[in-house]
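Reviewing the structure listed below.
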Amino acid sequence: MKPSFTHVFLKSYFPGIFEKSIHRINETTLFMVHDKQKDVLIVIGDLLDFEGEKQNKDNFKYYEIELSSHTAHRLRSLFSFTKPIRVLRKPRSFGLGDRLGIAGEGHLKVFENVDAYPVLAQQSMRELHMTKRTYQDVLDQATFAVFKMGYKDGFGADGDHLKTIPDIKNALDLGYTMITLDCSDYIKTFDDSINTFELPDIIKKSFLNRIFFVGQHKVVFSLNQLRKAYYVYQEALHYTKKVYDTFFNNKTYDADFELSIDETHIPTTPEDHVFVAHQLSLMGVKIDTLAPRFCGEFQKGIDYIGSVEDFEKELKIHADIAKTYGYKLSIHSGSDKFSIFKSIGVLTKGQFHVKTAGTNWLEAMRLIATVEPKLYREIHAFALDSFEQANKLYHVTTNLNNIPKIDTLKDEELPLLFDHNDARQLIHITYGYILNAEDKDGFRFKNKLYKLWHEHHSLYAEMLEKHIGKHLKFLYEGIKKKEMNL
Ligand SMILES: [Zn+2]
């Protein structure tokens with residue numbers, strides 16, 4: 001893009017101006033500037049109810065406005081593109097949990113060039129707890145990112161893996177446009193000793209002695225399969241209906257509803273999926289996406305572990321079931337699952353929601369290893385010390401012995417640790433510990449890290465563009481042209 005006259009003129013006063021952030025309302029010009037300490041909004045003309053101090057630079061008058069929650073709120077009321085929209089009913093959507101609130105610039109560079117809708121604000125309660133952030137802040141950072149990048153195509157906001165009615169209400173009241181209900185607390189574990197209960201007649205009548213046609217597949221329930229599905233999911237389905245009736249049924253909120261049944265140990269069988277889908281439809285519950293638990297392992301920050309062939313077989317059936325019942329499949333823990341992205345694009349016929357979360361944190365740490373090796377070494381040692389504790393919260397098969405001893409590495413070799421699965425997982429699962437570590441002066445790493453990320457924002461954006469771009473490239477690889485505009 002050729003720089004405009006306005007841009008050239010403004011750049012002479014504000015060298016850190018984000019060119020695409022220049023917007024106008026009547027006689028007032030607004031834009032964002034990268035300043036030494038932090039980004040700020042500049043308003044020339046009417047203050048438009050923002051809160052800011054009048055500045056005067058060589059007789060050039062303007063307001064400098066802090067990127068507060070009030071500012072985000074004002075931007076959302078002035079510029080509709082800075083408000084989240086519902087994206088799950090679009091053919092392709094992609095979740096990008098921006099843990100640190102700094103990844104928007106890089107993420108949007110990717111989504112400028114693909115037709116998938118980004119979910120820029122996407123955090124779970126666990127993530128918020130680890131990063132000490134709030135849903136308000138997460139949404140505000142997404143608003144600032146789209147304004148800064150002039151991204152007008154629409155983005156989603158996901159209250160991710162929420163379990164309780166108050167948490168869901170909180171996210172929806174703030175304007176989140178999708179909720180992912182994690183009903184794992186209500187999903188029961190079945191074993192063969194559980195055979196003493198009698199199935200209700202209505203369940204037998206709905207599922208036995210019939211064929212469920214889903215795409216090219218036929219699903220038929222044996223009595224045992226039905227008992228298992230009923231035992232495992234029935235309570236979760238009742239809870240799902242309660243949530244649906246509370247927030248979605250009467251359209252109180254303009255938001256999408258995703259159901260996640262993936263946080264379990266045992267893969268969702270086709271029978272399980274049909275049971276859930278069919279029961280939901282009988283209960284009158286409409287969902288927009290469903291996340292089954294697939295075979296194989298979706299560990300944090302590394303590629304898929306398991307048989308790709310088995311995954312493809314399962315995915316095909318799950319995609320057909322989802323299509324039959326009128327929703328999209330959602331694939332969780334999608335960070336870095338490069339060996340299955342193409343299959344996901346192809347077998348869902350280009351209709352998917354894929355969620356990623358921690359991979360942008362890993363890129364942020366790769367950046368630290370690149371620009372501040374000394375600090376990275378300190379953090380790496382700290383992460384090793386915190387690993388045992390962090391490991392209790394995650395299912396990962398990290399082997400610390402596989403990680404090269406950091407003292408044997410030269411500074412320029414440090415970023416290569418992020419191409420190494422065990423080192424990736426070490427840094428991935430200890431993020432909360434790293435961010436919250438304290439010494440006598442306060443946070444031990446957090447403020448230094450944010451300062452460096454701010455200083456090197458362009459490099460971070462480039463790294464994310466490359467890394468997340470690779471996710472999208474693989475996902476789109478096998479999608480046929482005719483499927484693009486379904
Ligand atoms: Zn999940």
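In the structure tokens, the first chain shown is A, the next is B, and so on; residue numbers restart at 1 for each chain, and ligands run from 1 in the order shown.
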* Please give me, as a PyMOL selection string, the residues lying within 7 Å of ligand 1 when counting only C-alpha atoms and all ligand atoms. => chain A and resi 161+260+262-263+291+332-333
* Asked: Near range 132-139 of chain A, within 12 Å and counting only C-alpha atoms, which residues show up once chain neighbours fewer than 6 positions away are dropped, as a count of residues only?
  -> 55
If we count only C-alpha atoms, what is near Asp245 in chain A at a cut-off of 12 Å, once residues fewer than 3 positions away on the same chain are taken out, given as a PDB file with C-alpha atoms, in the first residue's frame?
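Writing done, so here's around.pdb:
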```pdb
ATOM      1  CA  ILE A 165     -23.903 -20.361  34.871  1.00  0.00           C
ATOM      2  CA  HIS A 238     -29.501 -32.132  31.012  1.00  0.00           C
ATOM      3  CA  TYR A 239     -26.995 -29.533  32.103  1.00  0.00           C
ATOM      4  CA  THR A 240     -26.525 -28.433  28.505  1.00  0.00           C
ATOM      5  CA  LYS A 241     -30.275 -27.957  28.197  1.00  0.00           C
ATOM      6  CA  LYS A 242     -30.332 -25.908  31.377  1.00  0.00           C
ATOM      7  CA  PHE A 248     -29.869 -19.054  24.258  1.00  0.00           C
ATOM      8  CA  ASN A 249     -33.385 -20.387  23.852  1.00  0.00           C
ATOM      9  CA  ASN A 250     -35.206 -17.080  24.166  1.00  0.00           C
ATOM     10  CA  LYS A 251     -32.459 -15.226  22.259  1.00  0.00           C
ATOM     11  CA  THR A 252     -31.637 -13.063  25.276  1.00  0.00           C
ATOM     12  CA  TYR A 253     -28.086 -12.964  23.985  1.00  0.00           C
ATOM     13  CA  PHE A 257     -23.271 -21.983  21.524  1.00  0.00           C
ATOM     14  CA  MET A 283     -34.636 -31.655  23.758  1.00  0.00           C
ATOM     15  CA  GLY A 284     -34.877 -28.708  21.395  1.00  0.00           C
ATOM     16  CA  VAL A 285     -31.301 -27.590  22.076  1.00  0.00           C
ATOM     17  CA  LYS A 286     -29.582 -25.962  19.106  1.00  0.00           C
ATOM     18  CA  ILE A 287     -25.809 -25.866  19.120  1.00  0.00           C
TER      19      ILE A 287
END
```
* Asked: Could you pull out the helix (DSSP H, G or I) residues of range 285-336 of chain A from DSSP and send them as a PyMOL selection string?
  -> chain A and resi 308-324
Go ahead and dump the residues you just picked, N, CA and C atoms, as an mmCIF file, in the first residue's frame.
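Contents of result.cif, as written:
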```cif
data_model
loop_
_atom_site.group_PDB
_atom_site.id
_atom_site.type_symbol
_atom_site.label_atom_id
_atom_site.label_comp_id
_atom_site.auth_asym_id
_atom_site.auth_seq_id
_atom_site.Cartn_x
_atom_site.Cartn_y
_atom_site.Cartn_z
ATOM 1 N N VAL A 308 -2.691 -41.227 12.059
ATOM 2 C CA VAL A 308 -3.413 -40.230 11.256
ATOM 3 C C VAL A 308 -4.555 -40.910 10.497
ATOM 4 N N GLU A 309 -4.303 -42.146 10.094
ATOM 5 C CA GLU A 309 -5.323 -42.891 9.347
ATOM 6 C C GLU A 309 -6.580 -43.109 10.208
ATOM 7 N N ASP A 310 -6.370 -43.519 11.466
ATOM 8 C CA ASP A 310 -7.516 -43.716 12.371
ATOM 9 C C ASP A 310 -8.229 -42.384 12.626
ATOM 10 N N PHE A 311 -7.433 -41.349 12.806
ATOM 11 C CA PHE A 311 -8.028 -40.029 13.036
ATOM 12 C C PHE A 311 -8.910 -39.636 11.856
ATOM 13 N N GLU A 312 -8.413 -39.857 10.653
ATOM 14 C CA GLU A 312 -9.177 -39.478 9.456
ATOM 15 C C GLU A 312 -10.506 -40.227 9.373
ATOM 16 N N LYS A 313 -10.441 -41.530 9.681
ATOM 17 C CA LYS A 313 -11.661 -42.331 9.649
ATOM 18 C C LYS A 313 -12.706 -41.772 10.610
ATOM 19 N N GLU A 314 -12.252 -41.478 11.831
ATOM 20 C CA GLU A 314 -13.154 -40.947 12.861
ATOM 21 C C GLU A 314 -13.676 -39.569 12.498
ATOM 22 N N LEU A 315 -12.749 -38.746 12.037
ATOM 23 C CA LEU A 315 -13.125 -37.366 11.706
ATOM 24 C C LEU A 315 -14.222 -37.342 10.652
ATOM 25 N N LYS A 316 -14.079 -38.234 9.669
ATOM 26 C CA LYS A 316 -15.049 -38.274 8.570
ATOM 27 C C LYS A 316 -16.457 -38.549 9.129
ATOM 28 N N ILE A 317 -16.553 -39.524 10.013
ATOM 29 C CA ILE A 317 -17.865 -39.856 10.586
ATOM 30 C C ILE A 317 -18.380 -38.705 11.454
ATOM 31 N N HIS A 318 -17.500 -38.163 12.291
ATOM 32 C CA HIS A 318 -17.933 -37.052 13.150
ATOM 33 C C HIS A 318 -18.399 -35.851 12.323
ATOM 34 N N ALA A 319 -17.685 -35.593 11.230
ATOM 35 C CA ALA A 319 -18.074 -34.460 10.380
ATOM 36 C C ALA A 319 -19.450 -34.722 9.759
ATOM 37 N N ASP A 320 -19.686 -35.972 9.356
ATOM 38 C CA ASP A 320 -20.984 -36.307 8.763
ATOM 39 C C ASP A 320 -22.113 -36.220 9.788
ATOM 40 N N ILE A 321 -21.826 -36.639 11.013
ATOM 41 C CA ILE A 321 -22.855 -36.543 12.058
ATOM 42 C C ILE A 321 -23.178 -35.064 12.314
ATOM 43 N N ALA A 322 -22.128 -34.260 12.430
ATOM 44 C CA ALA A 322 -22.336 -32.828 12.689
ATOM 45 C C ALA A 322 -23.182 -32.208 11.583
ATOM 46 N N LYS A 323 -22.842 -32.560 10.339
ATOM 47 C CA LYS A 323 -23.566 -31.994 9.203
ATOM 48 C C LYS A 323 -25.038 -32.420 9.222
ATOM 49 N N THR A 324 -25.251 -33.697 9.510
ATOM 50 C CA THR A 324 -26.624 -34.216 9.565
ATOM 51 C C THR A 324 -27.460 -33.469 10.603
#
```
Restrict the calculation to only C-alpha atoms, then for each residue of range 4-38 of chain A with any atom at most 8 Å from an atom of range 453-462 of chain A give the closest atom pair and their distance in Å to one decimal, rows by chain and rising residue number, as a Markdown table.
```
| residue | atom | partner | partner_atom | distance |
| --- | --- | --- | --- | --- |
| A:Lys36 | CA | A:Glu455 | CA | 7.4 |
| A:Gln37 | CA | A:His454 | CA | 7.7 |
| A:Lys38 | CA | A:His454 | CA | 7.0 |
```
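In this comparison, which uses only C-alpha atoms, the residue of A:Thr246, A:Ser21, A:Thr164, A:Thr397 approaching Phe147 in chain A most closely is A:Ser21.
Atom pair CA of Arg444 in chain A / CA of Leu384 in chain A: separated by 15.7 Å.
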